[in-house]
Every structure is written in C-alpha cells, then in structure tokens.
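coords_33.txt (compact mmCIF, C-alpha atoms) appears below.
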# COMPACT_ATOMS: atom_id res chain seq x y z
CA MET K 1 18.87 -0.51 6.73
CA LYS K 2 19.17 -4.28 6.43
CA ASP K 3 22.09 -4.07 3.97
CA LEU K 4 24.22 -1.51 5.84
CA LEU K 5 26.36 -4.27 7.33
CA LEU K 6 27.59 -7.12 5.14
CA LYS K 7 28.83 -10.51 6.31
CA ASN K 8 32.58 -10.98 6.45
CA THR K 9 33.03 -13.34 3.52
CA SER K 10 35.98 -13.63 1.15
CA ARG K 11 33.79 -12.36 -1.70
CA ASN K 12 32.64 -9.27 0.23
CA ARG K 13 36.17 -8.55 1.45
CA ALA K 14 37.59 -8.78 -2.06
CA LYS K 15 35.35 -6.10 -3.54
CA ALA K 16 35.34 -3.74 -0.53
CA ILE K 17 37.32 -0.49 -0.43
CA PRO K 18 39.73 -0.45 2.54
CA ILE K 19 39.39 2.19 5.28
CA CYS K 20 42.59 2.91 7.17
CA LEU K 21 42.39 4.65 10.56
CA VAL K 22 45.40 6.95 10.96
CA SER K 23 46.70 9.02 13.85
CA PRO K 24 49.34 11.75 13.56
CA GLU K 25 51.72 9.33 15.29
CA THR K 26 51.21 6.62 12.65
CA LEU K 27 51.04 8.90 9.61
CA ASP K 28 54.74 8.61 8.71
CA THR K 29 54.54 4.82 8.83
CA LEU K 30 51.57 4.94 6.47
CA LEU K 31 53.34 7.29 4.05
CA SER K 32 56.39 5.04 3.91
CA SER K 33 54.16 2.09 2.94
CA LEU K 34 52.64 3.93 -0.06
CA ASP K 35 54.12 4.34 -3.51
CA GLU K 36 55.46 7.78 -4.40
CA SER K 37 52.37 9.08 -6.22
CA ALA K 38 50.02 7.99 -3.44
CA ALA K 39 52.27 9.49 -0.75
CA ASN K 40 52.42 12.76 -2.68
CA TRP K 41 48.62 12.75 -2.93
CA VAL K 42 48.38 12.52 0.86
CA ARG K 43 50.96 15.28 1.42
CA ASN K 44 49.58 17.63 -1.25
CA ASN K 45 46.06 17.35 0.18
CA GLY K 46 47.38 18.41 3.57
CA PHE K 47 46.13 15.28 5.31
CA ALA K 48 47.42 15.38 8.90
CA ALA K 49 45.24 12.61 10.44
CA GLY K 50 43.34 15.09 12.61
CA ARG K 51 40.23 13.90 14.39
CA SER K 52 37.53 12.91 11.82
CA GLU K 53 39.74 14.13 8.95
CA LEU K 54 38.90 12.28 5.73
CA LEU K 55 40.88 11.71 2.55
CA LEU K 56 39.82 9.60 -0.43
CA MET K 57 42.70 7.98 -2.34
CA PRO K 58 42.02 7.74 -6.10
CA GLY K 59 42.35 4.52 -8.06
CA ALA K 60 43.72 4.04 -11.58
CA LYS K 61 40.25 4.35 -13.14
CA GLY K 62 39.21 7.41 -11.12
CA GLY K 63 37.30 5.56 -8.41
CA VAL K 64 38.08 5.40 -4.69
CA ALA K 65 40.94 2.97 -4.01
CA LYS K 66 41.45 3.63 -0.30
CA VAL K 67 40.03 5.79 2.48
CA LEU K 68 42.17 7.49 5.11
CA TYR K 69 40.37 8.53 8.28
CA GLY K 70 42.06 10.55 11.00
CA THR K 71 41.61 9.56 14.64
CA GLY K 72 43.42 12.58 16.08
CA ALA K 73 46.43 12.65 18.33
CA GLU K 74 46.84 9.82 20.80
CA ASN K 75 46.09 11.32 24.18
CA GLN K 76 46.37 9.57 27.52
CA SER K 77 43.76 11.90 29.06
CA ARG K 78 41.10 11.35 26.40
CA THR K 79 39.62 7.97 25.58
CA PRO K 80 38.72 7.83 21.86
CA ASP K 81 35.05 7.32 21.08
CA PRO K 82 34.91 3.94 19.30
CA PHE K 83 31.57 4.84 17.69
CA THR K 84 33.06 7.82 15.82
CA PRO K 85 34.36 5.97 12.72
CA GLY K 86 30.74 5.04 12.05
CA GLU K 87 30.13 8.59 10.84
CA LEU K 88 31.83 7.56 7.59
CA VAL K 89 28.58 5.91 6.47
CA SER K 90 27.19 9.34 5.65
CA ARG K 91 30.46 10.90 4.45
CA LEU K 92 31.56 8.31 1.89
CA PRO K 93 30.15 7.76 -1.59
CA ALA K 94 27.90 4.73 -2.05
CA GLY K 95 29.89 1.51 -2.20
CA ASP K 96 31.20 -1.34 -0.06
CA TYR K 97 33.93 -0.66 2.50
CA ILE K 98 35.99 -2.57 5.07
CA PHE K 99 38.15 -1.40 7.98
CA ASP K 100 41.70 -2.52 7.20
CA PRO K 101 43.03 -3.17 9.72
CA ALA K 102 39.98 -3.51 11.96
CA PRO K 103 39.82 -0.91 14.76
CA GLU K 104 40.28 -1.97 18.38
CA GLY K 105 36.58 -1.35 19.13
CA SER K 106 35.23 -3.27 16.14
CA VAL K 107 31.77 -3.90 17.56
CA ALA K 108 31.25 -0.23 18.43
CA ALA K 109 32.57 0.89 15.04
CA ALA K 110 30.19 -1.46 13.22
CA LEU K 111 27.23 -0.42 15.37
CA GLY K 112 28.19 3.23 14.96
CA TRP K 113 28.18 2.73 11.19
CA MET K 114 24.58 1.50 11.33
CA LEU K 115 23.34 4.11 13.78
CA HIS K 116 24.94 7.02 11.93
CA ALA K 117 22.98 5.95 8.85
CA TYR K 118 19.63 6.64 10.52
CA ARG K 119 17.34 9.02 8.65
CA PHE K 120 13.74 9.90 9.47
CA THR K 121 12.09 9.45 6.07
CA ARG K 122 8.37 9.11 6.88
CA TYR K 123 7.50 12.46 5.25
CA LYS K 124 10.15 12.37 2.50
CA THR K 125 10.01 10.91 -0.99
CA GLN K 126 13.75 10.94 -1.71
CA THR K 127 16.28 8.75 0.06
CA ILE K 128 20.06 8.81 -0.22
CA PRO K 129 21.83 5.44 -0.64
CA ALA K 130 24.23 4.77 2.21
CA ALA K 131 27.67 3.20 2.07
CA ARG K 132 27.88 -0.41 3.26
CA LEU K 133 30.42 -1.94 5.60
CA VAL K 134 31.82 -5.45 5.65
CA ALA K 135 31.51 -6.51 9.28
CA PRO K 136 34.87 -6.73 11.06
CA GLU K 137 36.00 -10.22 12.00
CA GLY K 138 34.05 -11.54 15.00
CA VAL K 139 31.18 -9.03 14.71
CA SER K 140 27.73 -10.60 14.35
CA VAL K 141 25.69 -8.96 11.60
CA GLU K 142 22.52 -10.40 13.15
CA ASP K 143 23.26 -8.95 16.60
CA MET K 144 24.06 -5.52 15.17
CA LYS K 145 20.81 -5.56 13.18
CA ILE K 146 18.76 -6.43 16.27
CA ILE K 147 20.23 -3.47 18.14
CA ALA K 148 19.92 -1.06 15.21
CA ASP K 149 16.32 -2.10 14.52
CA GLY K 150 15.40 -1.34 18.13
CA VAL K 151 17.17 2.03 18.09
CA PHE K 152 15.63 2.99 14.75
CA LEU K 153 12.16 2.03 16.00
CA THR K 154 12.65 4.24 19.06
CA ARG K 155 13.87 7.18 17.00
CA ASP K 156 11.03 6.87 14.50
CA LEU K 157 8.41 6.85 17.27
CA VAL K 158 9.88 9.96 18.88
CA ASN K 159 10.29 11.81 15.58
CA VAL K 160 6.69 11.38 14.39
CA PRO K 161 4.73 14.57 15.23
CA ALA K 162 1.97 14.32 17.82
CA GLU K 163 -0.78 14.64 15.18
CA ASP K 164 0.27 11.21 13.89
CA MET K 165 1.56 9.72 17.17
CA GLY K 166 -1.13 9.98 19.83
CA PRO K 167 -2.22 7.31 22.31
CA PRO K 168 -4.02 5.26 19.59
CA GLU K 169 -0.96 5.25 17.32
CA LEU K 170 1.35 4.37 20.21
CA GLU K 171 -0.93 1.44 20.97
CA ALA K 172 -0.84 0.43 17.30
CA ALA K 173 2.98 0.46 17.35
CA VAL K 174 3.00 -1.90 20.34
CA ARG K 175 0.47 -4.20 18.68
CA THR K 176 2.57 -4.33 15.50
CA LEU K 177 5.66 -5.26 17.49
CA ALA K 178 3.73 -7.82 19.54
CA LYS K 179 2.36 -9.48 16.41
CA ALA K 180 5.87 -9.83 14.97
CA HIS K 181 7.07 -11.71 18.06
CA GLY K 182 3.99 -13.54 19.31
CA ALA K 183 3.47 -11.30 22.35
CA LYS K 184 0.11 -10.53 23.97
CA VAL K 185 -1.36 -7.05 24.38
CA ALA K 186 -4.12 -5.85 26.71
CA VAL K 187 -5.32 -2.23 26.73
CA THR K 188 -7.41 -0.40 29.33
CA LYS K 189 -8.69 2.97 28.08
CA GLY K 190 -11.13 5.78 28.67
CA GLU K 191 -13.63 5.32 31.50
CA GLN K 192 -12.39 1.75 31.99
CA LEU K 193 -9.31 3.27 33.61
CA LEU K 194 -11.49 4.44 36.50
CA LYS K 195 -13.31 1.12 36.79
CA LYS K 196 -10.00 -0.78 36.90
CA ASN K 197 -8.36 1.64 39.34
CA PHE K 198 -5.96 3.70 37.23
CA PRO K 199 -7.29 7.11 38.35
CA LEU K 200 -4.15 9.18 37.75
CA ILE K 201 -3.71 7.98 34.14
CA HIS K 202 -7.35 8.92 33.52
CA THR K 203 -6.95 12.28 35.24
CA VAL K 204 -4.01 13.41 33.15
CA GLY K 205 -5.49 12.23 29.85
CA ARG K 206 -9.16 13.09 30.27
CA ALA K 207 -8.96 16.52 28.61
CA SER K 208 -7.91 15.04 25.26
CA ASP K 209 -10.24 13.82 22.50
CA ARG K 210 -7.83 10.86 22.18
CA GLU K 211 -8.66 8.51 25.04
CA PRO K 212 -5.96 7.87 27.65
CA ARG K 213 -4.96 4.25 28.02
CA LEU K 214 -2.68 1.77 29.72
CA ILE K 215 -0.94 -0.52 27.25
CA ASP K 216 0.16 -3.86 28.71
CA MET K 217 2.30 -6.25 26.60
CA THR K 218 3.61 -9.62 27.81
CA TRP K 219 6.01 -12.07 26.17
CA GLY K 220 7.97 -15.16 27.15
CA PRO K 221 7.45 -18.13 29.49
CA ALA K 222 5.46 -17.33 32.64
CA LYS K 223 8.01 -19.12 34.87
CA ALA K 224 11.06 -17.35 33.44
CA PRO K 225 12.71 -14.48 35.39
CA LYS K 226 10.37 -11.48 35.24
CA VAL K 227 11.59 -8.24 33.68
CA THR K 228 9.14 -5.33 33.53
CA LEU K 229 9.68 -2.15 31.51
CA VAL K 230 7.55 0.93 32.23
CA GLY K 231 7.67 3.89 29.83
CA LYS K 232 6.15 7.34 30.11
CA GLY K 233 3.86 7.78 27.10
CA VAL K 234 2.78 11.43 27.19
CA CYS K 235 2.25 11.83 23.46
CA PHE K 236 2.01 15.60 23.70
CA ASP K 237 2.45 17.78 26.76
CA THR K 238 0.98 21.27 26.71
CA GLY K 239 1.73 21.53 30.42
CA GLY K 240 -2.02 21.49 31.08
CA LEU K 241 -3.49 24.59 32.73
CA ASN K 242 -0.02 25.54 33.97
CA LEU K 243 0.77 25.96 30.30
CA LYS K 244 4.32 25.51 29.01
CA PRO K 245 5.97 28.45 27.20
CA GLY K 246 5.82 28.12 23.42
CA GLY K 247 9.52 27.39 23.07
CA SER K 248 9.31 24.50 25.51
CA MET K 249 6.06 23.17 24.10
CA SER K 250 7.42 23.04 20.56
CA ILE K 251 9.42 19.87 21.25
CA MET K 252 6.85 18.09 23.41
CA LYS K 253 6.13 15.43 20.80
CA LYS K 254 9.16 13.77 22.41
CA ASP K 255 7.51 13.50 25.84
CA MET K 256 6.66 9.89 25.00
CA GLY K 257 10.38 9.16 24.68
CA GLY K 258 10.30 6.85 27.69
CA ALA K 259 7.61 4.74 26.03
CA ALA K 260 9.54 4.76 22.74
CA ASN K 261 12.68 3.55 24.50
CA VAL K 262 10.99 0.65 26.26
CA ILE K 263 9.34 -0.36 22.97
CA GLY K 264 12.74 -0.31 21.25
CA LEU K 265 14.30 -2.28 24.11
CA ALA K 266 11.44 -4.80 24.01
CA SER K 267 12.09 -5.20 20.28
CA MET K 268 15.75 -6.07 20.99
CA ILE K 269 14.86 -8.48 23.83
CA MET K 270 12.28 -10.40 21.80
CA ALA K 271 14.33 -10.48 18.59
CA ALA K 272 17.29 -11.83 20.55
CA GLY K 273 15.08 -14.51 22.13
CA LEU K 274 16.28 -13.81 25.67
CA LYS K 275 15.14 -16.34 28.24
CA LEU K 276 12.89 -14.16 30.37
CA ARG K 277 9.29 -13.20 30.90
CA LEU K 278 8.93 -9.64 29.59
CA ARG K 279 6.19 -7.19 30.51
CA VAL K 280 5.89 -3.70 29.02
CA LEU K 281 3.57 -1.12 30.62
CA ILE K 282 2.91 2.21 28.90
CA PRO K 283 0.50 4.83 30.22
CA ALA K 284 -0.34 6.68 26.99
CA VAL K 285 -2.00 10.09 27.30
CA ASP K 286 -2.15 13.64 25.98
CA ASN K 287 -1.80 16.38 28.62
CA ASN K 288 -4.21 18.86 27.05
CA VAL K 289 -6.13 21.99 28.01
CA SER K 290 -9.93 21.66 27.99
CA ALA K 291 -12.99 22.35 30.11
CA ASN K 292 -12.43 19.11 32.02
CA ALA K 293 -8.66 19.42 32.44
CA PHE K 294 -7.32 18.75 35.94
CA ARG K 295 -6.37 21.83 37.95
CA PRO K 296 -3.72 23.00 40.42
CA GLY K 297 -4.97 22.34 43.92
CA ASP K 298 -7.06 19.31 42.96
CA VAL K 299 -6.58 16.13 45.00
CA PHE K 300 -6.87 12.71 43.36
CA PRO K 301 -6.53 9.11 44.52
CA SER K 302 -3.84 6.88 43.06
CA ARG K 303 -3.84 3.17 42.36
CA ASP K 304 -1.93 2.33 45.54
CA GLY K 305 -4.34 4.34 47.70
CA MET K 306 -2.22 7.42 48.38
CA THR K 307 -3.88 10.73 47.52
CA VAL K 308 -2.03 13.26 45.38
CA GLU K 309 -2.42 17.04 45.48
CA ILE K 310 -1.67 18.76 42.18
CA GLY K 311 0.78 21.63 42.53
CA ASN K 312 1.46 22.10 38.83
CA THR K 313 -0.29 20.32 35.96
CA ASP K 314 3.01 20.21 34.05
CA ALA K 315 4.20 17.55 36.51
CA GLU K 316 2.00 14.98 34.78
CA GLY K 317 4.59 12.31 34.02
CA ARG K 318 5.05 11.19 37.61
CA LEU K 319 1.27 10.86 37.92
CA VAL K 320 0.75 8.43 35.05
CA LEU K 321 3.88 6.51 36.02
CA ALA K 322 2.66 6.16 39.63
CA ASP K 323 -0.33 4.08 38.56
CA ALA K 324 1.71 2.00 36.08
CA LEU K 325 4.47 1.34 38.64
CA ALA K 326 1.92 0.35 41.28
CA LEU K 327 0.63 -2.30 38.86
CA ALA K 328 4.17 -3.42 38.02
CA ASP K 329 5.01 -3.84 41.71
CA THR K 330 2.24 -6.37 42.29
CA GLU K 331 4.21 -9.01 40.35
CA LYS K 332 7.48 -8.34 42.18
CA PRO K 333 9.60 -8.65 39.01
CA ALA K 334 13.29 -9.54 39.29
CA LEU K 335 14.07 -6.31 37.44
CA LEU K 336 11.86 -3.25 37.02
CA VAL K 337 13.08 -0.48 34.71
CA ASP K 338 11.19 2.80 34.38
CA MET K 339 12.11 5.19 31.56
CA ALA K 340 10.85 8.75 31.21
CA THR K 341 11.54 12.21 29.85
CA LEU K 342 10.65 13.44 33.31
CA THR K 343 12.68 16.52 34.16
CA GLY K 344 14.88 18.96 32.30
CA ALA K 345 16.95 19.41 35.47
CA ALA K 346 18.77 16.15 34.73
CA ARG K 347 19.77 17.51 31.33
CA VAL K 348 20.99 20.71 32.99
CA ALA K 349 23.09 18.63 35.39
CA LEU K 350 24.58 16.13 32.92
CA GLY K 351 24.13 17.56 29.42
CA PRO K 352 22.38 15.86 26.50
CA ASP K 353 24.67 12.84 26.04
CA LEU K 354 24.86 11.28 29.50
CA PRO K 355 21.53 9.86 30.74
CA PRO K 356 20.89 9.83 34.50
CA PHE K 357 19.49 6.91 36.45
CA TYR K 358 18.25 6.33 39.96
CA THR K 359 18.23 3.16 42.04
CA ASN K 360 18.60 2.18 45.69
CA ASP K 361 19.97 -1.24 44.66
CA GLU K 362 23.76 -1.10 44.98
CA THR K 363 24.32 -4.34 43.04
CA LEU K 364 22.17 -3.14 40.15
CA ALA K 365 23.89 0.26 40.13
CA ALA K 366 27.30 -1.40 39.90
CA ALA K 367 26.13 -3.67 37.07
CA ILE K 368 24.71 -0.74 35.11
CA ALA K 369 27.97 1.18 35.51
CA THR K 370 30.08 -1.83 34.50
CA HIS K 371 28.07 -2.70 31.40
CA GLY K 372 27.64 0.95 30.41
CA ASP K 373 31.41 1.38 30.36
CA LYS K 374 31.94 -1.96 28.61
CA THR K 375 29.58 -1.02 25.76
CA ASN K 376 30.75 2.63 25.58
CA ASP K 377 27.22 3.73 26.49
CA PRO K 378 27.51 5.04 30.07
CA LEU K 379 24.82 6.31 32.41
CA TRP K 380 25.33 8.43 35.52
CA ARG K 381 23.82 7.53 38.87
CA MET K 382 21.93 10.32 40.64
CA PRO K 383 21.50 10.34 44.43
CA LEU K 384 18.51 9.03 46.34
CA TRP K 385 19.61 10.55 49.63
CA PRO K 386 17.35 9.57 52.56
CA ARG K 387 16.90 13.17 53.68
CA TYR K 388 15.29 13.97 50.33
CA ASP K 389 12.17 12.31 51.78

Structure rendered as structure tokens:
Amino acid sequence: MKDLLLKNTSRNRAKAIPICLVSPETLDTLLSSLDESAANWVRNNGFAAGRSELLLMPGAKGGVAKVLYGTGAENQSRTPDPFTPGELVSRLPAGDYIFDPAPEGSVAAALGWMLHAYRFTRYKTQTIPAARLVAPEGVSVEDMKIIADGVFLTRDLVNVPAEDMGPPELEAAVRTLAKAHGAKVAVTKGEQLLKKNFPLIHTVGRASDREPRLIDMTWGPAKAPKVTLVGKGVCFDTGGLNLKPGGSMSIMKKDMGGAANVIGLASMIMAAGLKLRLRVLIPAVDNNVSANAFRPGDVFPSRDGMTVEIGNTDAEGRLVLADALALADTEKPALLVDMATLTGAARVALGPDLPPFYTNDETLAAAIATHGDKTNDPLWRMPLWPRYD
C-alpha cells in the first residue's frame, strides 16, 4: 500500500513506463507521432481508444515500452470520471508507470490508482504485487496516502465477518487508532449503560453474549472548533425478533458501516493534523435473538427523556443513534456528522454509488454539494420537509 504512489523525482520519472490517455478524437494525432512499426502495432491490434480500452506497446527487449489507455469519445453530455484511469493499477503488469502527459484530473487519477489497488487479504496467504505510479506533478504523495489509509481502514472493518468484528473488536480498532495518534478513549458497556443513562443502546444489544457499549474517542485541543462524528456500530443485525429474511441477513456484517466510516474519517483528520477538537461516538452492539431480546410493542426510555415504542425490532439503528446523538448534542459542536447504514430505501432511490444526506442547515448543505462536486465524490441531499413530522 505505502509504495503504490512514488514521489515525482527525476530518477523515478526516468525509469517509469509512460501511460498515454487517448480518445478517438486524438488517436490520429497519436498515430502520426509514432514510428511506422509502432503505428502498425496499434492499428493491427484494433485499438480504437474506446472507454477503458488498453493496449501495451512492446519495447525492443520484449518489455512494455508504453501504455495506451482509451478514454472513450469526448461527449458534452457526459463528464468523464477522473478516477477511472486508476483501474490500471490492477490491469497492468508489475512495474513503475507515469501518466504522460498528466491527465486533467491528476489528483483524482492518483487517488483512484491507490483505491483501485485495495484488496481484502486478512484471510488470504497469497498477495499479487500491484503496479506503482509516479505521482503527477503537484500531487502530494503524503496527502494521497492519508486518504487511502483511511479508506482502506474503513473497507477492512466492513469486510471482516461478524465473528471477528463484534463490539469488542470494534472497540479494539478504535483503541489502536487512538494509540497511533495520541487520542483518548472511554468506553461504557454492559449494565453501566443503564447506570449512565444510555438505555436504548443497552436495549438493542442486551440479547448478545458480546456486551453492548458506547465508544467515545477524543483528540485535539479542547478550545479548538468542535467536530463530532457519530457512527452506527451494529456489528451484526439479525433484525431481532422481527427477523430479517436470510438473503438480507447474509450481508449484515456491514451494518456497522457507519462506525467504520467515521473511524476512517477520524484516521484522515488526525493523520492530517487538522486544527480541531475531534470527538467520535460509536454505539457498538449486536442485534440478536435471545430470551431477553426486546420485543415489538415494548416501550423504553431514551437518554433525552422521550419514550420510544418499538414497532419493529429491525429498526434498531435509530435507537442506538438516538442515545449517542443526545450525548453529542450536549457539547453543541460546530459540526455534527452522523453516518449510518440506516435504510435500504435510500439505496432504492439513489442507487449504490450516490450516498444520501440530510440536513436542515442550508449553508452546510451548499458546502457539502460544492466540495462533493469539486472532489468528484458527490452526495445527494434528501428532503426534511416540515410536514414529515
């Protein structure tokens, strides 16, 4: 992972194999710049610069001398995805490469290169060496590594099966991260949740033999602007007594994806040394079936004093988040971000690649939209219409 992106030095540039991004509109210009044998190689291989089309140009000694990568036809109605060239990391033979010339979205291409290289290897003994990229001019290797490390951490946490990623292991992951950056961690678990007024977290997690807990990590100067991240940490969701169908339950190791994302984001924030006071709150539970599982029709208190009637035990995420958010609110942070795998309806509405978000803060919504577009990582605002109340 750490060597996927190389610094842009004269030595690294000199030994790197050039990658040329080609569109059908620029193909003739490319052919005219090649010698006759190379141009014939391109023509005889039928390379037409279609989207994601790849052609390796041979060198005199049989190695790869140049890589041609098709970007597809230039289309005014379709904005090219600047992350796409990163897929070459898993399509090229091991070696060092450089974009020549650098693509317009150099940062996205470099980050895409790193992210496309991700492999979940915890249960595997064999790894495949990945191709390495010389960072385009102006791209910080350190910044790209901070982002990729956070993303890889998130993906690893989600991919580990629930047997090996329960509330104790999620706590251990936070403690490991905290130790690396000098953060502090406090954990309230088991019956202590009731004594310290986190009744809904206890209710959802009480049927598991792995104690429910609230993980609370803090980092940064106390007087700095406060940013609080809250992540849903349901390590496995059976649906409780309103049991999920088998097909739906099979992927419920990912129901702690909100927690994994805030852990990955916290990793980026701390590694970058941002000037803020960070707090991370994760209610970590299993939603299991047992003799003491909570039931439809039960009524429970919440941390903020409102009582909650249970209609369906598969709506557990909003319960554990309610207690965590009530705690987060007491500090009145400048920014409070809550992440959760909360409802499949959002995926039905927007598909798997466009995450939804909700806020009643117009300034924040505009900032999220602006920066999402700027970084080619958009989110879509969902309505909080007053009549929904």

**OP:** Just give me the gap between atom CA of K:Arg175 and atom CA of K:Asp143 in Å, one decimal is fine.
**Re:** 23.4 Å

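Note that the spacing between atom CA of K:Met144 and atom CA of K:Ala340 amounts to 25.2 Å.
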
**OP:** State, in Å with one decimal place, the distance from atom CA of K:Leu4 to atom CA of K:Asp81.
**Re:** 20.7 Å

**OP:** Mind checking which residues fall within 10 Å of stretch 327-333 of chain K, counting all atoms listed in the file, ignoring those fewer than 4 positions away in the same chain, and posting them as a VMD selection string?
**Re:** chain K and resid 197 to 198 225 to 230 277 to 281 303 to 304 321 to 323 337

Contacts of K:Ser52 within 9 Å, only C-alpha atoms, excl. fewer than 6 positions in-chain, as a compact mmCIF listing (two decimals) with C-alpha atoms, in the frame of the given file:
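Result file is out.txt:
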# COMPACT_ATOMS: atom_id res chain seq x y z
CA TYR K 69 40.37 8.53 8.28
CA GLY K 70 42.06 10.55 11.00
CA THR K 71 41.61 9.56 14.64
CA GLY K 72 43.42 12.58 16.08
CA THR K 84 33.06 7.82 15.82
CA PRO K 85 34.36 5.97 12.72
CA GLU K 87 30.13 8.59 10.84
CA LEU K 88 31.83 7.56 7.59

Subject >> Polymer residues at most 12 Å from stretch 39-48 of chain K, all atoms listed in the file, same-chain spacing of 4 or more positions, as an MDAnalysis selection string >> reply: chainID K and resid 21:35 52:59 66:73

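Of the listed residues K:Leu265, K:Val174, K:Gly166, K:Arg132, the one whose atoms come nearest to K:Asp149 is K:Leu265, with distances taken using all atoms listed in the file.
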
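Every protein, DNA or RNA residue with an atom at most 9 Å from stretch 376-381 of chain K, where only C-alpha atoms count and chain neighbours fewer than 4 positions away do not, is listed here: Asp81, Pro82, Phe83, Ala108, Leu350, Leu354, Pro355, Pro356, Phe357, Tyr358, Thr359, Ala365, Ile368, Ala369, Thr370, His371 and Gly372 of chain K.
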
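Nearest to K:Ser267 of all the residues K:Ile215, K:Ile146, K:Ala49, K:Ala16 is K:Ile146, counting all atoms listed in the file.
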
Original post:
Using all atoms listed in the file, can you list as a PyMOL selection string the residues within 7 Å of (-4.6, 21.1, 43.0)?
Top reply: chain K and resi 295-299+309-311

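Closest approach to K:Thr343 among K:Ala367, K:Ala315, K:Ala259, K:Val134: K:Ala315, based on only C-alpha atoms.
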
May I have the residues at most 12 Å from (29.7, 3.6, 12.4) in the file's coordinates, counting only C-alpha atoms, as an mmCIF file with C-alpha atoms, keeping the file's coordinate frame?
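Result file is out.cif:
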data_model
loop_
_atom_site.group_PDB
_atom_site.id
_atom_site.type_symbol
_atom_site.label_atom_id
_atom_site.label_comp_id
_atom_site.auth_asym_id
_atom_site.auth_seq_id
_atom_site.Cartn_x
_atom_site.Cartn_y
_atom_site.Cartn_z
ATOM 1 C CA LEU K 4 24.220 -1.510 5.840
ATOM 2 C CA LEU K 5 26.360 -4.270 7.330
ATOM 3 C CA ASP K 81 35.050 7.320 21.080
ATOM 4 C CA PRO K 82 34.910 3.940 19.300
ATOM 5 C CA PHE K 83 31.570 4.840 17.690
ATOM 6 C CA THR K 84 33.060 7.820 15.820
ATOM 7 C CA PRO K 85 34.360 5.970 12.720
ATOM 8 C CA GLY K 86 30.740 5.040 12.050
ATOM 9 C CA GLU K 87 30.130 8.590 10.840
ATOM 10 C CA LEU K 88 31.830 7.560 7.590
ATOM 11 C CA VAL K 89 28.580 5.910 6.470
ATOM 12 C CA SER K 90 27.190 9.340 5.650
ATOM 13 C CA ARG K 91 30.460 10.900 4.450
ATOM 14 C CA LEU K 92 31.560 8.310 1.890
ATOM 15 C CA TYR K 97 33.930 -0.660 2.500
ATOM 16 C CA ILE K 98 35.990 -2.570 5.070
ATOM 17 C CA PHE K 99 38.150 -1.400 7.980
ATOM 18 C CA PRO K 103 39.820 -0.910 14.760
ATOM 19 C CA GLY K 105 36.580 -1.350 19.130
ATOM 20 C CA SER K 106 35.230 -3.270 16.140
ATOM 21 C CA VAL K 107 31.770 -3.900 17.560
ATOM 22 C CA ALA K 108 31.250 -0.230 18.430
ATOM 23 C CA ALA K 109 32.570 0.890 15.040
ATOM 24 C CA ALA K 110 30.190 -1.460 13.220
ATOM 25 C CA LEU K 111 27.230 -0.420 15.370
ATOM 26 C CA GLY K 112 28.190 3.230 14.960
ATOM 27 C CA TRP K 113 28.180 2.730 11.190
ATOM 28 C CA MET K 114 24.580 1.500 11.330
ATOM 29 C CA LEU K 115 23.340 4.110 13.780
ATOM 30 C CA HIS K 116 24.940 7.020 11.930
ATOM 31 C CA ALA K 117 22.980 5.950 8.850
ATOM 32 C CA TYR K 118 19.630 6.640 10.520
ATOM 33 C CA ALA K 130 24.230 4.770 2.210
ATOM 34 C CA ALA K 131 27.670 3.200 2.070
ATOM 35 C CA ARG K 132 27.880 -0.410 3.260
ATOM 36 C CA LEU K 133 30.420 -1.940 5.600
ATOM 37 C CA VAL K 134 31.820 -5.450 5.650
ATOM 38 C CA ALA K 135 31.510 -6.510 9.280
ATOM 39 C CA PRO K 136 34.870 -6.730 11.060
ATOM 40 C CA MET K 144 24.060 -5.520 15.170
ATOM 41 C CA ALA K 148 19.920 -1.060 15.210
#
